[in-house]
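Let me begin by presenting the structure, written as structure tokens, before commenting on it.
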Amino acid sequence: MEMTFTVNGTQAKVEIDPAETLLGVLRERLRLTGTKEGCNEGECGACTVLVDGLPVDSCIYSAAATGGRRVETVEGLTLDELGRDLQAAFVAAGGVQCGFCTPGFIATLVSVLRENEAPSEDDLRTALAGNICRCTGYSQILDAVAATVSRRNGR
Amino acid sequence: MKPAAVKYARAGDVQEAVALLSEHGTDAKVLAGGQSLVPLMNFRLASPSILIDINRVNELAYVREDNGSLLIGAMTRQRDVETSPVVAAAVPLLPQALHHVGHVTNRNRGTVGGSVAHADPASELPALVTGLAGELTVEGPKGQRTIAAEDFFVGTFTTAMEYDEVLTAVRLPRLPAGTGVAVEELARRHGDFAIVAVMAAVHLAPDGSVDLVRLAASGVDSVPLRLHSAEAVLAGAQPTADAIAAAAATVAASVNPTGDVHAPASYRRDMAQLLVKRAVGAAIERIGVSA
Ligand SMILES: Cc1cc2nc3c(=O)[nH]c(=O)nc-3n(C[C@H](O)[C@H](O)[C@H](O)COP(=O)(O)OP(=O)(O)OC[C@H]3O[C@@H](n4cnc5c(N)ncnc54)[C@H](O)[C@@H]3O)c2cc1C
């Protein structure tokens, strides 16, 4: 079947199989390979993207149900200032090691920081509970968010 | 692994979904948020012949007060319910329970109706609906019918709905102002399915005696349970530590857990009893605080 949706601001018309997930369409049909496949069951958050502004697990999001929706992936999210600030802060704070989880963290955090310029630690922990990182131990990631928040608020 | 081939149809309204279900028979599956169905398909634990997508059935996405009860459309996203001030005022137990359902990403997409229709005995929402004596409205080719929660859940992943029926709404009685509520869970990590969960709602009369108590448990039987015996001990009593312990002591006989890789049956039974004690205590402590 044919499916039309918006990806990173551009309309895309793709031929899909209704058994596919949004993750499969992004990676295999559109070659947007920044978004990663981890557990394939919505547990790990490596595949997090924004659909109509909200973070979701693209590995358990039906591709067919994506028609007409607005999807943002790490490729698009790091084109604007907020995404770039986060990216730089992750690098500076050591929030990236193997990097597999990073695109999902960036997607979740962009959505949090769009809504709230100064999220509490509790807000962040709730929002990030669905993003697993097996390298950093998370504290460097929270440091990166703190650095992003203070940088943006000082600007 | 990739999911098996499947067909897809998008329903514009409830009647259309029902017609598609009748046409395609028992191998068809309604697609709501997909937070249970898509993982099952990804691992080929489910291989429906056709998905009937109800995500655009906007008439099923609402929260409203209706005649002393809270009415929630089946397609309302769990996150929207969790953050709704209408819900927090009418049934404060509900946002607390939702906070334990998966992660924000899952709740952004997962629906109230999907969780109820899926009927996982470890899930929070089926237990909450059962404990609060909620009602489920379903629509099929012969029209609408309303089913009491205790009759709706009939077994693990099994409900009283026919294959050609769509769950349309969940009705929960409003809790009186000043009701204390608490959710107590045993889970390996926050957001995991609980091994055992207990939910409590308690309201006290001016003389301090219990004039309303609702207790629910998940993970302790093939269906969610309302803990009638424990409620009966507390109803009308002063909620002393002894009374709460006596109520909790009835729980072992009310539950019927099976052991699995997460915990043996005996441990679940003991935990259910302990969590009832904690949940009732916490609910009473919070009376008036959140009101
Ligand atoms: C990582 C992760 C963690 C989770 N943790 C928890 C947890 O801790 N607690 C918990 O309770 N749940 C948890 N869940 C499950 C989650 O709550 C699901 O959202 C919910 O169980 C299903 O809702 P859905 O809208 O996604 O339904 P779907 O997955 O689309 O559907 C589920 C089933 O219900 C049927 N169905 C759906 N809607 C209707 C309807 N209106 N009428 C008739 N049939 C219908 C479908 O055909 C399907 O069989 C978790 C899920 C994930 C991915």
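Residues in the structure tokens are numbered from 1 in each chain, the chains being A, B, ... in the order shown, and ligands are numbered from 1 in the order shown.
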
Practice item. Check which residues fall inside 8 Å of ligand 1 when counting only C-alpha atoms and all ligand atoms, and print them as a PyMOL selection string. Key: (chain A and resi 41-44+60+130) or (chain B and resi 28-39+54+74-75+77-78+98+100-103+106-107+109-120+122-126+138+161+165-168+190-194)

Check your understanding: When the cut-off is 10 Å and we count only C-alpha atoms, which residues of chain A are near chain B, given as a PyMOL selection string?
Key -> chain A and resi 1+17-21+24+39-45+48-51+54-62+64-66+108+126-131

Practice item. For A:Asp143, work out the shell of residues within 7 Å, counting only C-alpha atoms and skipping chain neighbours fewer than 4 positions away, then give it as a VMD selection string. Key: chain A and resid 93 139 147

Restricting the output to N, CA, C and O atoms, write the selected residues as a short mmCIF file (atom, residue, chain, number, x, y, z; two decimals), in the first residue's frame.
```cif
data_model
loop_
_atom_site.label_atom_id
_atom_site.label_comp_id
_atom_site.auth_asym_id
_atom_site.auth_seq_id
_atom_site.Cartn_x
_atom_site.Cartn_y
_atom_site.Cartn_z
N ALA A 93 30.07 16.22 27.60
CA ALA A 93 29.90 15.62 28.93
C ALA A 93 30.23 14.13 28.94
O ALA A 93 30.17 13.49 29.98
N SER A 139 24.57 9.28 34.32
CA SER A 139 24.83 10.57 34.97
C SER A 139 25.45 11.56 33.99
O SER A 139 25.15 12.75 34.04
N ALA A 147 23.81 20.98 31.28
CA ALA A 147 24.65 21.95 30.54
C ALA A 147 23.83 22.62 29.44
O ALA A 147 23.94 23.84 29.22
#
```

Practice item. Would you please extract all strand (DSSP E or B) residues from stretch 83-253 of chain B, as assigned by DSSP on the backbone, and give them as a ChimeraX atom specification? Key: /B:111,135-140,143-148,153-155,158-159,166-173,180-186,196-204,210-218,225-226

Check your understanding: Got a sec to tell me which of stretch 51-288 of chain B DSSP assigns to alpha helix (DSSP H), as a PyMOL selection string?
Key -> chain B and resi 78-82+85-90+93-98+104-109+112-118+124-131+149-152+228-234+241-249+251-254+265-285

**Study point:** Point-to-point distance in Å for atom CA of B:Ala182 and atom CA of B:Ala200
**Key:**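 Between these atoms lies a distance of 5.3 Å.
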
Practice item. Have a look at atom CA of B:Gly73 and atom CA of A:Glu115 and let me know their distance in Å, one decimal. Key: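 Computing it gives 26.1 Å between the two atoms.
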
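If you measure from each of B:Ala283, B:Ala127, B:Leu60, B:Ala263 to B:Ala197 using only C-alpha atoms, the closest one turns out to be B:Ala127.
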
Check your understanding: Between A:Ala63, A:Leu23, A:Val149, A:Val74, which has the minimum distance to A:Gly104 (counting only C-alpha atoms)?
Key ->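 Nearest candidate to A:Gly104 out of A:Ala63, A:Leu23, A:Val149, A:Val74: A:Val74.
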
Practice item. Grab the atom CA of A:Arg134 to atom CA of A:Val91 distance for me, in Å with one decimal place. Key: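 For atom CA of A:Arg134 relative to atom CA of A:Val91, the distance reads 16.5 Å.
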
**Study point:** All residues 12 Å or closer to A:Leu79, only C-alpha atoms, same chain fewer than 6 positions away omitted, as a list in words
**Key:**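 The neighbour list is Asn8, Gly9, Glu72, Thr73, Asp85, Leu86, Gln87 and Val110 of chain A.
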
Review point. Leaving out A:Phe100 and any residue of its chain fewer than 2 positions from it, which residues lie within 8 Å of it when counting only C-alpha atoms, given as a PyMOL selection string?
Key: chain A and resi 36+46+98+102-103

Point to revise | Residues within 9 Å of stretch 207-224 of chain B, only C-alpha atoms, excluding chain neighbours under 4 positions, as an NGL selection string | key: :B and (119-124 or 126-133 or 150 or 153-158 or 176 or 179 or 194-203 or 228 or 230-232 or 234-239 or 255-258 or 265 or 268-269 or 272 or 276 or 279-280)
